[in-house]
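**Student:** Structure in structure tokens, see below.
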Amino acid sequence: MVNTPDELGAWLRLLLTPGVGSESARRLLAAFGEPEAVLAQTETALCQVVTAVQARALLQMPAGCPELVQDTLDWLQADTHNGTTPQRCVVTLGDADYPAPLLQIPDPPLMLYAMGKITHLQQLQATQALAMVGSRNPTPQGRDNASEFARSLAASGLTVVSGLALGVDGAAHEGALQGARAGQLATIAVVGTGLDRVYPRQHRDLAHRIAQNGLILSEYPLGTPPLAPNFPRRNRLISGLSQATLVIEAALQSGSLITAKQALEQGRDVMALPGSIHSAQSKGCHALIKQGAKLVESAQDVLEELHMPTPQVQSALALDAPDQAGGDAPSGLAGDDENAGDAAERALLRALGHDPVGLDALQARCGWPTAQLQAQLLELELMGQVGRLPGGLFQRIGQA
């Protein structure tokens with residue numbers, strides 16, 4: 001871990017120098033050793049490793065660097081013994097505490113900021129972690145699948161790695177926090193901002209709970225805002241920390257597919273949940289499956305693919321769960337007065353099926369008056385059994 005102001009200052013100066021990227025920085029470190037030694041070289045010596053423009057830039061103090069060093073020191077030295085402020089640290093490439101799985105990827109970050117259960121950093125093993133990613137705008141079923149799969153997999157001992165984004169990422173973190181045992185590293189959030197801010201703001205409380213029961217990691221200096229290029233880049237760390245990447249829902253053009261691609265490039269496995277052929281959020285998963293990704297229908301499928309012990313209780317997708325209502329699609333209400341409400345619910349759920357459906361099509365299936373159908377849909381929605389999708393569509397939500 002970085003422990004002294006001089007050491008921190010040298011690392012930040014090296015990484016913040018304009019025109020010197022991570023690849024050039026690694027060459028300089030390989031040639032001269034620690035950052036202090038790099039910065040002590042003459043322009044002539046530096047030109048043996050990098051360009052003349054880069055060498056001259058290295059001899060100048062980057063704008064804002066001294067202030068950033070002080071801000072980072074203040075952040076590191078915050079009182080973390082009060083029970084509410086999470087532990088913080090900065091680790092650099094070559095540190096004993098640097099996460100071992102990231103040493104196996106092509107472009108490991110030279111500096112990594114960590115907050116939370118930092119004592120677990122040195123113990124991180126890819127074989128004990130699974131990346132879960134997906135749409136920022138999932139279907140209700142997709143959100144439930146992410147939460148339930150994460151809960152079951154965390155209960156089986158896996159650490160769930162994701163990106164703290166809205167949608168599937170947030171649901172995966174929540175599920176892992178619910179399923180993890182006491183003392184277990186429940187989840188890791190890899191973010192695209194500095195650790196002194198939370199993005200998106202809606203996840204402030206979630207980030208706090210992750211810091212208490214997991215880890216939040218970033219390769220970006222404090223103060224870094226949520227810049228668009230940072231998020232695809234951080235995805236390589238999500239997949240790199242994990243044995244495999246599970247994609248829950250993804251459109252054909254999405255960051256989740258970037259993560260899956262990076263996982264394959266890193267030699268990691270990729271798995272995907274199938275979905276409705278009518279849902280744009282399933283197209284990316286179906287494309288991955290066509291390309292050879294493992295089709296996953298249950299948490300047990302994931303554990304078997306990772307060669308881990310499987311739990312006694314299998315977590316299955318709703319499309320595989322038996323339809324307890326039984327019978328054919330309804331043509332109207334049936335049953336006595338006492339059971340009419342339950343019968344109506346079961347009948348409407350059968351009519352919904354598992355694909356998104358519009359109000360007109362649903363009315364054609366069941367033959368109910370519009371007002372009655374809308375009232376019953378609202379009741380099922382309030383019960384959490386039906387989700388409302390964009391475009392006036394409805395979808396049945398099953399237990400993941």
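Identifiers in this document derive from the order of the structure tokens: chains are assigned A, B, ..., residues are numbered from 1 separately in each chain, and ligands are numbered from 1 in order of occurrence.
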Got a sec: who's within 8 Å of segment 153-169 of chain A, counting only C-alpha atoms, leaving out chain neighbours fewer than 2 positions off, as a VMD selection string?
**Tutor:** chain A and resid 128 to 138 142 to 143 146 to 147 149 to 151 171 to 173 175 to 177 179 to 181 184 to 191 199 to 200 203 207 235 238 241 to 242 248 to 249 299 303 309 to 311
**Student:** Using only C-alpha atoms, determine which residues lie at most 6 Å from Arg236 of chain A, disregarding the query and same-chain residues fewer than 3 positions distant; provide the list as a list in words.
**Tutor:**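 That gives Ser239, Gly240 and Gln262 of chain A.
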**Student:** Might you pull out every residue within 7 Å of segment 285-297 of chain A, with only C-alpha atoms counted and same-chain residues fewer than 4 positions away left off, and present them as a PyMOL selection string?
**Tutor:** chain A and resi 247+249-250+270-274+301-302+316-317
**Student:** Of the candidates A:Leu206, A:Leu377, A:Leu76, A:Ala251, which one gets nearest to Gly275 of chain A if we count only C-alpha atoms?
**Tutor:** A:Ala251
**Student:** Considering only strand (DSSP E or B) as DSSP defines it on the backbone, what residues of segment 126-354 of chain A qualify? List them as a list in words.
**Tutor:**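 Result set for segment 126-354 of chain A (strand (DSSP E or B)): Ala129, Leu130, Ala131, Met132, Val133, Thr159, Val160, Val161, Ser162, Thr187, Ile188, Ala189, Val190, Leu215, Ile216, Leu217, Ser218, Ala244, Thr245, Leu246, Val247, Asp269, Val270, Met271, Ala272, Lys294, Leu295, Ser298 and Ala316 of chain A.
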**Student:** For the helix (DSSP H, G or I) assignment from backbone DSSP, which residues of segment 66-232 of chain A qualify? Please present them as a PyMOL selection string.
**Tutor:** chain A and resi 66-76+100-104+118-123+126-128+140-155+168-179+201-213+230-232
**Student:** Can you tell me, as a ChimeraX atom specification, what residues are no more than 12 Å from Asp71 of chain A when counting only C-alpha atoms, ignoring any on the same chain fewer than 2 positions away?
**Tutor:** /A:5,8-9,12,64-69,73-78,194-196,221-223
**Student:** Save out the residues we just selected, C-alpha atoms, as an mmCIF file, in the first residue's frame.
**Tutor:**
```
data_model
loop_
_atom_site.group_PDB
_atom_site.id
_atom_site.type_symbol
_atom_site.label_atom_id
_atom_site.label_comp_id
_atom_site.auth_asym_id
_atom_site.auth_seq_id
_atom_site.Cartn_x
_atom_site.Cartn_y
_atom_site.Cartn_z
ATOM 1 C CA PRO A 5 3.400 11.529 0.806
ATOM 2 C CA LEU A 8 1.993 8.959 -3.392
ATOM 3 C CA GLY A 9 3.180 12.161 -5.048
ATOM 4 C CA LEU A 12 0.291 10.539 -9.111
ATOM 5 C CA GLY A 64 -3.214 20.298 -9.956
ATOM 6 C CA CYS A 65 -0.950 17.442 -8.845
ATOM 7 C CA PRO A 66 0.157 18.894 -5.469
ATOM 8 C CA GLU A 67 -3.471 19.626 -4.544
ATOM 9 C CA LEU A 68 -4.546 16.123 -5.549
ATOM 10 C CA VAL A 69 -1.764 14.604 -3.433
ATOM 11 C CA LEU A 73 -3.728 12.021 1.838
ATOM 12 C CA ASP A 74 -6.665 13.642 3.641
ATOM 13 C CA TRP A 75 -8.968 10.953 2.209
ATOM 14 C CA LEU A 76 -6.639 8.155 3.305
ATOM 15 C CA GLN A 77 -6.197 9.597 6.786
ATOM 16 C CA ALA A 78 -9.916 9.999 7.508
ATOM 17 C CA GLY A 194 -13.129 8.841 -8.001
ATOM 18 C CA LEU A 195 -14.038 7.173 -4.719
ATOM 19 C CA ASP A 196 -14.911 10.511 -3.155
ATOM 20 C CA PRO A 221 -8.048 9.672 -8.935
ATOM 21 C CA LEU A 222 -10.230 11.403 -6.390
ATOM 22 C CA GLY A 223 -12.391 14.073 -7.943
#
```
**Student:** I want to know what sits within 6 Å of segment 389-398 of chain A, based on only C-alpha atoms, with residues of the same chain fewer than 4 positions away left out; could you give that as a VMD selection string?
**Tutor:** chain A and resid 141 318 354 356 to 358 385
**Student:** So how far away is atom CA of Leu237 of chain A from atom CA of Leu257 of chain A, in Å?
**Tutor:**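 Going from atom CA of Leu257 of chain A over to atom CA of Leu237 of chain A covers 14.2 Å.
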